[in-house]
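Visitor: I'm passing along model.cif; it holds mmCIF, C-alpha atoms.
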```cif
data_target
#
loop_
_atom_site.label_atom_id
_atom_site.label_comp_id
_atom_site.auth_asym_id
_atom_site.auth_seq_id
_atom_site.Cartn_x
_atom_site.Cartn_y
_atom_site.Cartn_z
CA MET A 1 -17.75 9.72 -14.04
CA HIS A 2 -14.99 7.30 -13.17
CA PHE A 3 -16.09 4.30 -11.15
CA PRO A 4 -13.11 2.55 -9.52
CA LYS A 5 -12.37 -0.83 -11.06
CA ILE A 6 -11.51 -3.65 -8.69
CA LEU A 7 -10.08 -7.03 -9.61
CA ILE A 8 -10.98 -9.81 -7.15
CA ILE A 9 -8.63 -12.83 -7.37
CA GLU A 10 -10.21 -15.40 -5.05
CA ASP A 11 -10.94 -19.10 -5.60
CA GLU A 12 -13.81 -19.43 -3.09
CA ASP A 13 -17.09 -18.80 -4.92
CA LYS A 14 -19.03 -17.73 -1.82
CA ILE A 15 -16.44 -15.14 -0.82
CA ARG A 16 -16.34 -13.69 -4.35
CA SER A 17 -20.12 -13.58 -4.49
CA VAL A 18 -20.45 -11.72 -1.18
CA LEU A 19 -17.66 -9.27 -2.00
CA ARG A 20 -19.09 -8.63 -5.45
CA ALA A 21 -22.53 -7.83 -4.01
CA TYR A 22 -21.21 -5.41 -1.41
CA LEU A 23 -18.78 -3.67 -3.77
CA ILE A 24 -21.27 -3.25 -6.62
CA ARG A 25 -23.66 -1.72 -4.10
CA GLU A 26 -20.90 0.82 -3.31
CA GLY A 27 -20.56 1.72 -6.99
CA TYR A 28 -17.39 -0.19 -7.90
CA GLU A 29 -16.86 -2.03 -11.18
CA ILE A 30 -15.90 -5.62 -10.44
CA THR A 31 -13.90 -8.20 -12.38
CA GLU A 32 -13.34 -11.66 -10.93
CA ALA A 33 -10.86 -14.49 -11.28
CA ASN A 34 -10.99 -17.87 -9.51
CA SER A 35 -7.34 -18.82 -10.05
CA GLY A 36 -3.94 -17.22 -9.93
CA ASP A 37 -3.31 -17.75 -13.64
CA LYS A 38 -6.57 -16.10 -14.68
CA GLY A 39 -6.08 -13.25 -12.22
CA LEU A 40 -2.60 -12.43 -13.48
CA GLN A 41 -3.80 -12.58 -17.08
CA LEU A 42 -6.62 -10.13 -16.35
CA PHE A 43 -4.26 -7.80 -14.50
CA ASN A 44 -1.85 -7.79 -17.43
CA ASP A 45 -4.61 -7.20 -19.99
CA TYR A 46 -6.61 -4.44 -18.28
CA GLU A 47 -6.24 -1.46 -15.95
CA TYR A 48 -7.53 -1.66 -12.38
CA ASP A 49 -7.67 0.78 -9.49
CA LEU A 50 -7.19 -1.91 -6.86
CA VAL A 51 -6.66 -5.66 -6.55
CA LEU A 52 -8.18 -7.87 -3.84
CA LEU A 53 -5.80 -10.82 -3.78
CA ASP A 54 -6.22 -14.15 -2.01
CA LEU A 55 -2.85 -15.74 -1.21
CA MET A 56 -3.86 -19.40 -1.30
CA LEU A 57 -4.87 -19.86 -4.94
CA PRO A 58 -4.86 -22.69 -7.46
CA GLY A 59 -2.28 -22.15 -10.16
CA ILE A 60 0.03 -19.22 -9.48
CA PRO A 61 0.11 -18.49 -5.73
CA GLY A 62 -0.90 -15.07 -4.46
CA GLU A 63 2.60 -14.19 -3.23
CA LYS A 64 4.00 -14.61 -6.73
CA ILE A 65 1.15 -12.57 -8.24
CA ALA A 66 1.84 -9.75 -5.77
CA ALA A 67 5.51 -9.76 -6.75
CA LYS A 68 4.64 -9.66 -10.46
CA ILE A 69 2.19 -6.79 -9.91
CA ARG A 70 4.91 -4.79 -8.17
CA GLU A 71 7.34 -5.47 -11.02
CA LYS A 72 5.02 -3.64 -13.43
CA LYS A 73 2.73 -1.22 -11.59
CA GLU A 74 1.94 0.47 -8.29
CA THR A 75 -1.70 -0.64 -8.32
CA PRO A 76 -2.90 -0.90 -4.70
CA VAL A 77 -3.14 -4.49 -3.45
CA ILE A 78 -5.17 -5.71 -0.48
CA MET A 79 -4.33 -9.28 0.48
CA LEU A 80 -7.03 -11.67 1.66
CA THR A 81 -5.78 -14.70 3.53
CA ALA A 82 -6.34 -17.22 6.29
CA LYS A 83 -2.71 -16.71 7.31
CA GLY A 84 -2.89 -14.48 10.35
CA GLU A 85 0.46 -14.85 12.09
CA GLU A 86 2.48 -11.66 12.47
CA TRP A 87 5.39 -12.91 10.36
CA GLU A 88 2.95 -13.82 7.60
CA ARG A 89 1.45 -10.31 7.64
CA LEU A 90 4.94 -8.81 7.55
CA GLN A 91 5.79 -10.98 4.57
CA GLY A 92 2.71 -9.68 2.79
CA PHE A 93 3.73 -6.07 3.33
CA THR A 94 7.27 -6.86 2.23
CA LEU A 95 5.78 -8.02 -1.07
CA GLY A 96 4.20 -4.58 -1.46
CA ALA A 97 0.70 -5.07 -0.06
CA ASP A 98 -1.15 -1.89 0.90
CA ASP A 99 -3.36 -3.71 3.39
CA TYR A 100 -3.82 -7.25 4.71
CA ILE A 101 -7.14 -8.76 5.81
CA VAL A 102 -7.33 -12.08 7.66
CA LYS A 103 -10.20 -14.49 7.04
CA PRO A 104 -12.89 -14.75 8.25
CA PHE A 105 -13.71 -11.09 7.74
CA SER A 106 -16.73 -8.84 7.55
CA PRO A 107 -17.58 -7.62 4.03
CA ARG A 108 -18.18 -4.19 5.56
CA GLU A 109 -14.62 -4.22 6.86
CA VAL A 110 -13.32 -5.00 3.37
CA VAL A 111 -15.33 -2.12 1.94
CA ALA A 112 -13.95 0.23 4.61
CA ARG A 113 -10.38 -0.88 3.90
CA ILE A 114 -10.88 -0.41 0.14
CA LYS A 115 -12.26 3.09 0.64
CA ALA A 116 -9.31 4.00 2.86
CA VAL A 117 -6.75 2.74 0.36
CA LEU A 118 -8.44 4.38 -2.65
CA LYS A 119 -8.80 7.63 -0.74
CA ARG A 120 -5.12 7.91 -0.05
CA THR A 121 -4.14 6.84 -3.57
CA GLY A 122 -6.53 9.31 -5.21
CA LYS A 123 -5.40 12.44 -7.01
CA ASN A 124 -7.73 14.90 -5.27
CA LEU A 125 -5.39 16.17 -2.60
CA PRO A 126 -5.79 19.21 -0.33
CA SER A 127 -4.33 22.36 -1.82
CA ASP A 128 -1.98 22.87 1.14
CA GLN A 129 -0.02 19.72 0.30
CA LYS A 130 3.07 21.10 -1.42
CA PRO A 131 6.03 19.18 -2.84
CA VAL A 132 8.94 18.52 -0.50
CA ASN A 133 12.37 19.39 -1.93
CA ILE A 134 15.53 18.42 -0.06
CA ASP A 135 18.82 18.70 -1.97
CA GLY A 136 17.66 16.92 -5.11
CA PHE A 137 15.21 14.71 -3.25
CA THR A 138 11.66 15.58 -4.36
CA ILE A 139 8.37 14.20 -3.06
CA ASP A 140 5.38 15.51 -5.04
CA PRO A 141 1.93 14.74 -3.55
CA GLY A 142 0.19 16.05 -6.67
CA SER A 143 1.68 13.41 -8.97
CA ARG A 144 2.45 11.06 -6.05
CA SER A 145 5.99 10.75 -7.32
CA VAL A 146 9.40 10.58 -5.69
CA ASN A 147 12.61 11.54 -7.48
CA ILE A 148 16.23 11.50 -6.39
CA ASN A 149 18.36 13.70 -8.63
CA ASP A 150 15.67 13.42 -11.33
CA LYS A 151 15.62 9.62 -11.12
CA PRO A 152 12.19 8.18 -10.18
CA VAL A 153 11.76 5.98 -7.12
CA ASN A 154 8.84 3.56 -7.27
CA LEU A 155 6.98 3.40 -3.97
CA THR A 156 3.70 1.73 -3.11
CA ALA A 157 0.84 3.98 -2.03
CA THR A 158 1.44 3.18 1.63
CA GLU A 159 5.20 3.74 1.34
CA PHE A 160 4.60 7.10 -0.35
CA ASP A 161 2.21 8.28 2.37
CA LEU A 162 4.63 7.27 5.12
CA LEU A 163 7.58 9.00 3.48
CA PHE A 164 5.60 12.16 2.69
CA GLU A 165 4.30 12.47 6.25
CA LEU A 166 7.76 11.99 7.75
CA ALA A 167 9.38 14.35 5.22
CA THR A 168 6.90 17.16 5.89
CA HIS A 169 7.82 16.99 9.60
CA PRO A 170 11.60 16.40 9.69
CA GLY A 171 12.90 15.67 13.15
CA ARG A 172 9.48 14.89 14.58
CA VAL A 173 9.13 11.47 16.21
CA PHE A 174 6.04 9.53 15.13
CA LYS A 175 4.74 6.59 17.12
CA ARG A 176 3.92 3.48 15.11
CA GLY A 177 0.26 3.91 16.02
CA GLN A 178 0.28 7.45 14.63
CA LEU A 179 1.79 6.29 11.36
CA THR A 180 -0.76 3.48 11.16
CA ALA A 181 -3.63 5.96 11.51
CA ILE A 182 -2.05 8.30 8.94
CA VAL A 183 -1.69 5.71 6.19
CA SER A 184 -4.79 3.64 6.91
CA GLY A 185 -7.28 6.12 8.29
CA TYR A 186 -7.87 3.90 11.32
CA THR A 187 -5.95 1.79 13.80
CA TYR A 188 -6.29 -1.87 14.63
CA ASP A 189 -4.38 -4.48 16.59
CA GLY A 190 -1.60 -6.28 14.80
CA TYR A 191 -0.91 -3.58 12.20
CA GLU A 192 1.60 -1.39 14.01
CA ARG A 193 4.50 -3.80 13.53
CA THR A 194 3.90 -3.83 9.78
CA ILE A 195 5.00 -0.18 9.76
CA ASP A 196 8.49 -1.57 10.36
CA SER A 197 8.23 -3.57 7.15
CA HIS A 198 7.12 -0.52 5.14
CA ILE A 199 9.96 1.59 6.56
CA LYS A 200 12.44 -1.16 5.66
CA ASN A 201 11.15 -1.15 2.08
CA ILE A 202 11.44 2.65 1.84
CA ARG A 203 15.01 2.60 3.15
CA LYS A 204 15.97 0.01 0.58
CA LYS A 205 14.46 2.04 -2.26
CA ILE A 206 15.81 5.49 -1.39
CA GLY A 207 19.31 4.34 -0.38
CA ASN A 208 21.81 6.61 1.34
CA ASN A 209 20.98 10.10 0.21
CA CYS A 210 20.26 13.42 1.88
CA ILE A 211 17.66 12.00 4.26
CA LYS A 212 17.58 9.16 6.76
CA LEU A 213 14.65 7.32 8.32
CA GLU A 214 15.76 6.76 11.88
CA THR A 215 14.35 4.29 14.37
CA VAL A 216 13.50 5.78 17.74
CA TYR A 217 13.65 2.62 19.81
CA GLY A 218 10.53 1.76 21.75
CA ILE A 219 8.58 4.58 20.09
CA GLY A 220 8.64 4.76 16.29
CA TYR A 221 10.42 6.72 13.57
CA LYS A 222 11.62 10.14 12.48
CA LEU A 223 13.14 11.59 9.33
CA THR A 224 16.48 13.35 9.62
CA ILE A 225 17.94 15.65 6.95
CA LEU A 226 21.63 14.82 6.55
CA GLU A 227 24.30 17.46 6.07
CA THR A 228 25.79 17.47 2.60
CA ASP A 229 29.10 18.87 1.41
CA LYS A 230 28.65 21.68 -1.10
#
```
Would you write out, as structure tokens, the structure that this file holds?

Guide:
Amino acid sequence: MHFPKILIIEDEDKIRSVLRAYLIREGYEITEANSGDKGLQLFNDYEYDLVLLDLMLPGIPGEKIAAKIREKKETPVIMLTAKGEEWERLQGFTLGADDYIVKPFSPREVVARIKAVLKRTGKNLPSDQKPVNIDGFTIDPGSRSVNINDKPVNLTATEFDLLFELATHPGRVFKRGQLTAIVSGYTYDGYERTIDSHIKNIRKKIGNNCIKLETVYGIGYKLTILETDK
């Protein structure tokens, strides 16, 4: 049986201790690092299913670690930080975070967030989720891959879920709150605006192809299939 492996990069001993206790109780395998340098070394040397990443670390700061993680892998990252302003959360999602938890937090909340992220990044998907094919643009939920004319597009888990949901309902307008619930499994104040950051990242990665993620002002987003000359 595979037990999800979680890397905790956090310099506060008490926080690591509490998180470790709760997560081990849930059946996770835990590895810890108390500095940015050690955390990045462990990430490079071993495989993990998820990273809990503090942003304010001795050594390499958390923002730089997040960027380096995204350069190499799509491992889910949940950021832990005392920085709770909206622009700071948006910056975290721009760096590729899958979730963002502001200190002080409940350990039970962290466990719930981890379960939600791992659930949507897992490979056991309902059988009715079929690949979406639009003029050379393919989104495959089975392999969680996106290809444009056979060229792979690297999306984070959250970005993939947003794109897949929009692509399976072209033309439908989704409110930000709906998209938040879809990708996180729950809603909470302060998260809806981060959907904008995820959509911005997706647009940048997929470029101008046969689909367009359109903003419906004051409401949310929809995916439009563009006409192509053939």

Visitor: Could you check which of A:Ala167, A:Leu7, A:Ile202, A:Ala21 is closest to A:Lys130, using all atoms listed in the file?

Guide: A:Ala167

Visitor: Find, counting only C-alpha atoms, the residue in A:Ile206, A:Ile199, A:Leu50, A:Leu23 that gets nearest to A:Val146.

Guide: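 Looking only at the distances to A:Val146, the closest residue turns out to be A:Ile206.
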
Visitor: Rank nothing, just name the residue among A:Val77, A:Ser145, A:Leu52, A:Ala112 nearest to A:Arg20, using only C-alpha atoms.

Guide: A:Leu52

Visitor: Evaluate the PyMOL selection byres ((chain A and resi 43) around 10) here and jot the selected residues down as an MDAnalysis selection string.

Guide: chainID A and resid 7 9 31 33 38:42 44:48 51 65 68:69 75

Visitor: Which of these, A:Asn147, A:Ser17, A:Asn209, A:Thr156, has the shortest distance to A:Asn34 once you count all atoms listed in the file?

Guide: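 Counting all atoms listed in the file, the residue closest to A:Asn34 is A:Ser17.
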
Visitor: Which residue gives the smallest distance to A:Arg176 among A:Leu223, A:Ile195, A:Leu19, A:Leu80, with only C-alpha atoms counted?

Guide: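 Among A:Leu223, A:Ile195, A:Leu19, A:Leu80, it is A:Ile195 that comes nearest to A:Arg176.
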
Visitor: Do you have the atom CA of A:Gly142-atom CA of A:Tyr221 distance handy?

Guide: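 Atom-to-atom, atom CA of A:Gly142 to atom CA of A:Tyr221, that is 24.5 Å.
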
Visitor: So what does the PyMOL selection byres ((chain A and resi 166) around 12) actually pick up in this one, as a PyMOL selection string?

Guide: chain A and resi 132+139+159-165+167-176+178-179+182-183+199+202+211-214+220-225

Visitor: Which residue gives the smallest distance to A:Asn208 among A:Phe137, A:Ala157, A:Val111, A:Asp196, with all atoms listed in the file counted?

Guide: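 For A:Asn208, the nearest of the candidates is A:Phe137.
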
Visitor: I need the output of the PyMOL selection byres ((chain A and resi 97) around 12) for this file as a PyMOL selection string; which residues are they?

Guide: chain A and resi 50-55+62-63+65-67+69-70+74-80+88-96+98-101+117+155-159+194-195+197-198+201

Visitor: Mind giving me the straight-line distance from atom CA of A:Lys119 to atom CA of A:Ile219 in Å, one decimal?

Guide: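 Separation between atom CA of A:Lys119 and atom CA of A:Ile219: 27.3 Å.
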
Visitor: How far is it from atom CA of A:Lys205 to atom CA of A:Val153, in Å with one decimal?

Guide: 6.8 Å
